[in-house]
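Next comes entry.cif, with mmCIF, C-alpha atoms.
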data_coords
loop_
_atom_site.group_PDB
_atom_site.id
_atom_site.type_symbol
_atom_site.label_atom_id
_atom_site.label_comp_id
_atom_site.auth_asym_id
_atom_site.auth_seq_id
_atom_site.Cartn_x
_atom_site.Cartn_y
_atom_site.Cartn_z
ATOM 1 C CA MET A 1 0.000 0.000 0.000
ATOM 2 C CA ALA A 2 1.279 3.493 -0.892
ATOM 3 C CA ASP A 3 2.624 5.624 1.958
ATOM 4 C CA SER A 4 3.922 8.638 -0.019
ATOM 5 C CA LEU A 5 2.372 11.139 -2.416
ATOM 6 C CA VAL A 6 4.514 12.612 -5.188
ATOM 7 C CA ILE A 7 3.288 15.640 -7.132
ATOM 8 C CA VAL A 8 4.823 16.530 -10.488
ATOM 9 C CA GLU A 9 3.667 19.002 -13.129
ATOM 10 C CA SER A 10 2.561 16.853 -16.069
ATOM 11 C CA PRO A 11 0.609 13.575 -16.381
ATOM 12 C CA ALA A 12 3.273 12.140 -18.707
ATOM 13 C CA LYS A 13 5.951 12.629 -16.041
ATOM 14 C CA ALA A 14 3.614 11.217 -13.402
ATOM 15 C CA LYS A 15 3.173 8.022 -15.370
ATOM 16 C CA THR A 16 6.890 7.518 -15.989
ATOM 17 C CA ILE A 17 8.001 8.422 -12.474
ATOM 18 C CA GLY A 18 5.308 6.189 -11.003
ATOM 19 C CA LYS A 19 6.870 3.209 -12.816
ATOM 20 C CA TYR A 20 10.320 4.080 -11.456
ATOM 21 C CA LEU A 21 9.228 4.492 -7.832
ATOM 22 C CA GLY A 22 6.889 1.527 -7.486
ATOM 23 C CA SER A 23 3.711 0.821 -5.557
ATOM 24 C CA LYS A 24 4.706 2.629 -2.344
ATOM 25 C CA TYR A 25 4.262 5.964 -4.092
ATOM 26 C CA ILE A 26 1.150 7.659 -5.464
ATOM 27 C CA VAL A 27 2.249 9.999 -8.273
ATOM 28 C CA LYS A 28 -0.113 12.748 -9.421
ATOM 29 C CA ALA A 29 0.146 15.843 -11.610
ATOM 30 C CA SER A 30 -0.714 19.434 -10.699
ATOM 31 C CA MET A 31 -0.954 20.378 -14.409
ATOM 32 C CA GLY A 32 1.391 23.331 -13.874
ATOM 33 C CA HIS A 33 0.533 26.282 -11.644
ATOM 34 C CA VAL A 34 -2.460 25.967 -9.337
ATOM 35 C CA ARG A 35 -2.625 29.546 -8.004
ATOM 36 C CA ASP A 36 -1.986 32.929 -9.601
ATOM 37 C CA LEU A 37 -2.879 36.608 -9.406
ATOM 38 C CA PRO A 38 -6.530 37.285 -10.347
ATOM 39 C CA LYS A 39 -7.146 38.336 -13.950
ATOM 40 C CA SER A 40 -9.964 40.739 -13.106
ATOM 41 C CA GLN A 41 -8.116 42.636 -10.362
ATOM 42 C CA PHE A 42 -4.749 44.301 -9.920
ATOM 43 C CA GLY A 43 -3.894 41.625 -7.367
ATOM 44 C CA VAL A 44 -0.880 43.382 -5.800
ATOM 45 C CA GLU A 45 -1.100 45.431 -2.595
ATOM 46 C CA ILE A 46 1.454 48.124 -3.395
ATOM 47 C CA GLU A 47 1.046 49.893 -0.052
ATOM 48 C CA ASN A 48 1.557 46.592 1.795
ATOM 49 C CA ASN A 49 5.106 45.840 0.602
ATOM 50 C CA PHE A 50 3.838 44.698 -2.838
ATOM 51 C CA THR A 51 2.063 41.705 -1.310
ATOM 52 C CA PRO A 52 0.488 39.485 -4.014
ATOM 53 C CA LYS A 53 -3.099 38.265 -3.714
ATOM 54 C CA TYR A 54 -3.332 34.699 -5.007
ATOM 55 C CA ILE A 55 -6.438 32.809 -6.033
ATOM 56 C CA THR A 56 -6.985 29.284 -7.358
ATOM 57 C CA ILE A 57 -6.666 29.197 -11.136
ATOM 58 C CA ARG A 58 -9.963 28.484 -12.847
ATOM 59 C CA GLY A 59 -10.310 24.768 -13.575
ATOM 60 C CA LYS A 60 -7.776 23.722 -10.930
ATOM 61 C CA GLY A 61 -10.283 23.249 -8.115
ATOM 62 C CA GLU A 62 -10.891 19.570 -8.882
ATOM 63 C CA ILE A 63 -7.169 18.891 -9.192
ATOM 64 C CA LEU A 64 -6.471 20.472 -5.813
ATOM 65 C CA LYS A 65 -9.314 18.512 -4.220
ATOM 66 C CA GLU A 66 -7.901 15.293 -5.667
ATOM 67 C CA LEU A 67 -4.448 16.134 -4.296
ATOM 68 C CA LYS A 68 -5.817 16.957 -0.852
ATOM 69 C CA ASP A 69 -7.791 13.691 -0.770
ATOM 70 C CA ALA A 70 -4.643 11.776 -1.733
ATOM 71 C CA ARG A 71 -2.712 13.645 0.944
ATOM 72 C CA LYS A 72 -4.999 12.219 3.624
ATOM 73 C CA LYS A 73 -4.071 8.671 2.646
ATOM 74 C CA VAL A 74 -0.273 8.949 2.955
ATOM 75 C CA LYS A 75 2.388 9.748 5.545
ATOM 76 C CA ARG A 76 4.623 11.929 3.386
ATOM 77 C CA VAL A 77 4.334 14.319 0.457
ATOM 78 C CA TYR A 78 7.073 14.999 -2.095
ATOM 79 C CA LEU A 79 6.858 17.977 -4.435
ATOM 80 C CA ALA A 80 8.748 17.168 -7.627
ATOM 81 C CA ALA A 81 7.904 20.105 -9.895
ATOM 82 C CA ASP A 82 10.473 21.257 -12.463
ATOM 83 C CA PRO A 83 13.933 22.358 -11.184
ATOM 84 C CA ASP A 84 13.552 26.085 -11.891
ATOM 85 C CA ARG A 85 11.972 29.088 -10.187
ATOM 86 C CA GLU A 86 8.567 28.350 -11.713
ATOM 87 C CA GLY A 87 8.722 24.802 -10.419
ATOM 88 C CA GLU A 88 9.826 26.019 -7.005
ATOM 89 C CA ALA A 89 6.877 28.421 -6.892
ATOM 90 C CA ILE A 90 4.470 25.642 -7.873
ATOM 91 C CA ALA A 91 5.880 23.494 -5.067
ATOM 92 C CA TRP A 92 5.489 26.373 -2.602
ATOM 93 C CA HIS A 93 1.840 26.971 -3.560
ATOM 94 C CA LEU A 94 1.115 23.259 -3.247
ATOM 95 C CA ALA A 95 2.854 23.090 0.122
ATOM 96 C CA GLN A 96 0.720 25.949 1.384
ATOM 97 C CA TYR A 97 -2.496 24.414 0.078
ATOM 98 C CA LEU A 98 -1.666 21.004 1.552
ATOM 99 C CA GLU A 99 -0.577 22.683 4.811
ATOM 100 C CA LEU A 100 2.891 21.147 4.853
ATOM 101 C CA PRO A 101 5.252 22.422 7.600
ATOM 102 C CA GLU A 102 7.689 25.086 6.337
ATOM 103 C CA ASN A 103 10.726 23.141 7.551
ATOM 104 C CA GLU A 104 9.638 19.823 6.047
ATOM 105 C CA PRO A 105 12.101 18.426 3.462
ATOM 106 C CA CYS A 106 9.440 17.797 0.836
ATOM 107 C CA ARG A 107 11.132 19.189 -2.290
ATOM 108 C CA VAL A 108 12.648 16.707 -4.732
ATOM 109 C CA VAL A 109 14.591 17.878 -7.789
ATOM 110 C CA PHE A 110 16.018 15.944 -10.731
ATOM 111 C CA ASN A 111 17.326 17.148 -14.089
ATOM 112 C CA GLU A 112 16.592 14.035 -16.103
ATOM 113 C CA ILE A 113 13.744 11.534 -16.120
ATOM 114 C CA THR A 114 15.776 8.366 -15.695
ATOM 115 C CA LYS A 115 15.271 5.639 -13.126
ATOM 116 C CA GLN A 116 18.602 6.297 -11.435
ATOM 117 C CA ALA A 117 18.242 10.097 -11.344
ATOM 118 C CA VAL A 118 14.713 9.922 -9.943
ATOM 119 C CA ARG A 119 15.557 7.364 -7.265
ATOM 120 C CA ASP A 120 18.691 9.283 -6.237
ATOM 121 C CA ALA A 121 16.682 12.497 -5.891
ATOM 122 C CA PHE A 122 14.319 10.892 -3.401
ATOM 123 C CA LYS A 123 17.268 9.958 -1.179
ATOM 124 C CA SER A 124 17.956 13.624 -0.392
ATOM 125 C CA PRO A 125 14.798 15.770 -0.366
ATOM 126 C CA ARG A 126 15.227 19.381 0.777
ATOM 127 C CA THR A 127 13.077 22.223 2.031
ATOM 128 C CA ILE A 128 11.565 24.670 -0.446
ATOM 129 C CA ASP A 129 14.055 27.302 -1.626
ATOM 130 C CA MET A 130 12.355 30.611 -0.839
ATOM 131 C CA ASP A 131 14.978 32.557 -2.797
ATOM 132 C CA LEU A 132 13.758 30.842 -5.972
ATOM 133 C CA VAL A 133 10.133 31.297 -4.932
ATOM 134 C CA ASN A 134 10.649 35.009 -4.307
ATOM 135 C CA ALA A 135 12.439 35.361 -7.644
ATOM 136 C CA GLN A 136 9.362 33.956 -9.387
ATOM 137 C CA GLN A 137 7.017 36.108 -7.327
ATOM 138 C CA THR A 138 9.032 39.225 -8.170
ATOM 139 C CA ARG A 139 8.854 38.444 -11.881
ATOM 140 C CA ARG A 140 5.110 37.859 -11.657
ATOM 141 C CA ILE A 141 4.492 41.049 -9.682
ATOM 142 C CA LEU A 142 6.569 43.085 -12.146
ATOM 143 C CA ASP A 143 4.536 41.540 -14.965
ATOM 144 C CA ARG A 144 1.382 42.779 -13.291
ATOM 145 C CA LEU A 145 2.691 46.244 -12.379
ATOM 146 C CA VAL A 146 3.932 46.887 -15.914
ATOM 147 C CA GLY A 147 1.089 45.124 -17.696
ATOM 148 C CA TYR A 148 -1.766 46.904 -15.951
ATOM 149 C CA LYS A 149 -0.220 50.312 -16.500
ATOM 150 C CA ILE A 150 1.290 50.025 -19.991
ATOM 151 C CA SER A 151 -1.040 47.603 -21.785
ATOM 152 C CA PRO A 152 -3.984 50.086 -21.905
ATOM 153 C CA LEU A 153 -1.631 52.608 -23.509
ATOM 154 C CA LEU A 154 -0.688 50.045 -26.183
ATOM 155 C CA TRP A 155 -4.389 49.421 -26.857
ATOM 156 C CA LYS A 156 -4.912 53.124 -27.538
ATOM 157 C CA LYS A 157 -1.741 53.828 -29.488
ATOM 158 C CA VAL A 158 -0.877 50.559 -31.250
ATOM 159 C CA LYS A 159 -3.449 47.754 -31.308
ATOM 160 C CA LYS A 160 -6.208 46.365 -29.124
ATOM 161 C CA GLY A 161 -5.277 43.213 -27.247
ATOM 162 C CA LEU A 162 -1.523 43.771 -27.036
ATOM 163 C CA SER A 163 0.075 43.039 -23.674
ATOM 164 C CA ALA A 164 3.100 44.613 -22.019
ATOM 165 C CA GLY A 165 2.771 42.336 -19.056
ATOM 166 C CA ARG A 166 5.952 40.354 -19.405
ATOM 167 C CA VAL A 167 8.892 41.282 -17.228
ATOM 168 C CA GLN A 168 10.926 41.672 -20.430
ATOM 169 C CA SER A 169 9.259 45.085 -20.746
ATOM 170 C CA VAL A 170 11.126 46.142 -17.622
ATOM 171 C CA ALA A 171 14.383 44.691 -18.932
ATOM 172 C CA VAL A 172 13.972 46.507 -22.253
ATOM 173 C CA LYS A 173 13.411 49.782 -20.381
ATOM 174 C CA LEU A 174 16.610 49.293 -18.381
ATOM 175 C CA ILE A 175 18.561 48.451 -21.533
ATOM 176 C CA LEU A 176 17.155 51.493 -23.326
ATOM 177 C CA ASP A 177 18.060 53.808 -20.440
ATOM 178 C CA ARG A 178 21.595 52.433 -20.413
ATOM 179 C CA GLU A 179 21.935 52.768 -24.182
ATOM 180 C CA ASN A 180 20.790 56.403 -23.995
ATOM 181 C CA GLU A 181 23.416 57.062 -21.327
ATOM 182 C CA ILE A 182 26.094 55.546 -23.556
ATOM 183 C CA ARG A 183 25.039 57.564 -26.585
ATOM 184 C CA SER A 184 24.869 60.837 -24.657
ATOM 185 C CA PHE A 185 28.308 60.346 -23.116
ATOM 186 C CA VAL A 186 30.778 63.023 -24.149
ATOM 187 C CA PRO A 187 34.387 61.808 -23.930
ATOM 188 C CA GLU A 188 36.870 64.169 -22.304
ATOM 189 C CA GLU A 189 40.630 63.827 -22.455
ATOM 190 C CA TYR A 190 42.289 63.491 -19.085
ATOM 191 C CA TRP A 191 45.673 62.442 -17.711
ATOM 192 C CA SER A 192 46.751 60.673 -14.560
ATOM 193 C CA ILE A 193 50.128 61.941 -13.327
ATOM 194 C CA THR A 194 52.254 60.320 -10.674
ATOM 195 C CA VAL A 195 55.188 62.257 -9.268
ATOM 196 C CA ARG A 196 57.810 61.446 -6.688
ATOM 197 C CA LEU A 197 58.472 64.229 -4.218
ATOM 198 C CA ALA A 198 61.307 64.688 -1.765
ATOM 199 C CA ALA A 199 60.719 65.814 1.788
ATOM 200 C CA GLU A 200 62.640 65.841 5.026
ATOM 201 C CA GLN A 201 61.096 62.509 5.985
ATOM 202 C CA GLY A 202 62.101 61.002 2.603
ATOM 203 C CA GLU A 203 60.541 60.524 -0.826
ATOM 204 C CA PHE A 204 56.874 59.827 -1.447
ATOM 205 C CA ALA A 205 54.602 59.416 -4.494
ATOM 206 C CA ALA A 206 51.624 61.623 -5.282
ATOM 207 C CA LYS A 207 48.939 61.182 -7.940
ATOM 208 C CA PHE A 208 47.126 63.966 -9.773
#
For this file, write the structure as structure tokens.
Amino acid sequence: MADSLVIVESPAKAKTIGKYLGSKYIVKASMGHVRDLPKSQFGVEIENNFTPKYITIRGKGEILKELKDARKKVKRVYLAADPDREGEAIAWHLAQYLELPENEPCRVVFNEITKQAVRDAFKSPRTIDMDLVNAQQTRRILDRLVGYKISPLLWKKVKKGLSAGRVQSVAVKLILDRENEIRSFVPEEYWSITVRLAAEQGEFAAKF
């Protein structure tokens, strides 16, 4: 009988990993992210340290219920989402929904779907890396801050339906500002002079 629940992102991975781990593990898929900022609201409390307001993604209610029901039948939960900041954020949202302790080593990461790599990963689970989670949250919040303020301008000036919500918009702005600084730079000739001076206490060097 299974005593552990493993949650991955896709059903295909769940099927393969289930074969590798055997009957002691229930392997299910979250189908990607399960929570996100609401589409109909700004979803970020700017005055409260840019705190995001998450809601369950439409259509994910049944999946979450299935995962919670499975959680009740096992002793341990392993979160094996992809090994990047998005995967770490998915694991964090799942851990919160399933009410896993913050210090529980529930996170399992592997870079290849092979029997050896998967089994080795389960020998050394770790806690959720909040640095990666916060990196993903920052990107998502920037998407929202830029998107909600710039996208309406694009609709008026360029074309209806365009979105400036990706964080790349912020990166492009930073690159553009830097490029403008480079182009506006006016080179000036200057010299660095080092001289050796003699004094009663002996010689010393001075730069001008």
Quiz item: Taking all atoms listed in the file into account, which of A:Gln137, A:Phe208, A:Leu98, A:Gly87 comes nearest Arg196 (chain A)?
Solution: A:Phe208
Quiz prompt | Test item: the PyMOL selection byres ((chain A and resi 116-120) around 12) resolved as a ChimeraX atom specification | solution = /A:6,8,13-14,16-22,25,80,108-115,121-125
Quiz item: Which one of A:Lys207, A:Gly59, A:Lys72, A:Ser30 sits closest to Thr194 (chain A) if you count all atoms listed in the file?
Solution: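 Checking each of A:Lys207, A:Gly59, A:Lys72, A:Ser30 against Thr194 (chain A), counting all atoms listed in the file, the winner is A:Lys207.
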Quiz prompt | Among the residues A:Lys75, A:Lys15, A:Lys60, A:Lys39, the one that comes closest to Val27 (chain A) [using only C-alpha atoms] | solution = A:Lys15
Practice problem: List the neighbours of Tyr54 (chain A) out to 8 Å using only C-alpha atoms; skip same-chain residues closer than 6 positions along the sequence, and give me the result as a ChimeraX atom specification. | Solution: /A:35-38,43
Dump C-alpha atoms for the selected residues as a compact mmCIF listing (two decimals), in the frame of the given file?
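As written to disk, selection_38.txt reads:
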# COMPACT_ATOMS: atom_id res chain seq x y z
CA ARG A 35 -2.62 29.55 -8.00
CA ASP A 36 -1.99 32.93 -9.60
CA LEU A 37 -2.88 36.61 -9.41
CA PRO A 38 -6.53 37.28 -10.35
CA GLY A 43 -3.89 41.62 -7.37
Practice problem: Excluding Ala206 (chain A) and residues on its chain fewer than 2 positions from it, collect all residues at most 12 Å away from it, counting only C-alpha atoms, and give them as a PyMOL selection string. | Solution: chain A and resi 192-198+203-204+208
Quiz item: Which of these residues is nearest to Glu99 (chain A), using all atoms listed in the file: A:Ala171, A:Asn180, A:Asp143, A:Lys68?
Solution: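 The shortest atom-to-atom distance to Glu99 (chain A) comes from A:Lys68.
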Quiz prompt | For CA of Ser4 (chain A) and CA of Thr127 (chain A), the interatomic separation in Å (one decimal) | solution = 16.5 Å
Quiz item: Which of these, A:Lys160, A:Tyr78, A:Arg85, A:Arg139, has the shortest distance to Arg126 (chain A) once you count all atoms listed in the file?
Solution: A:Tyr78
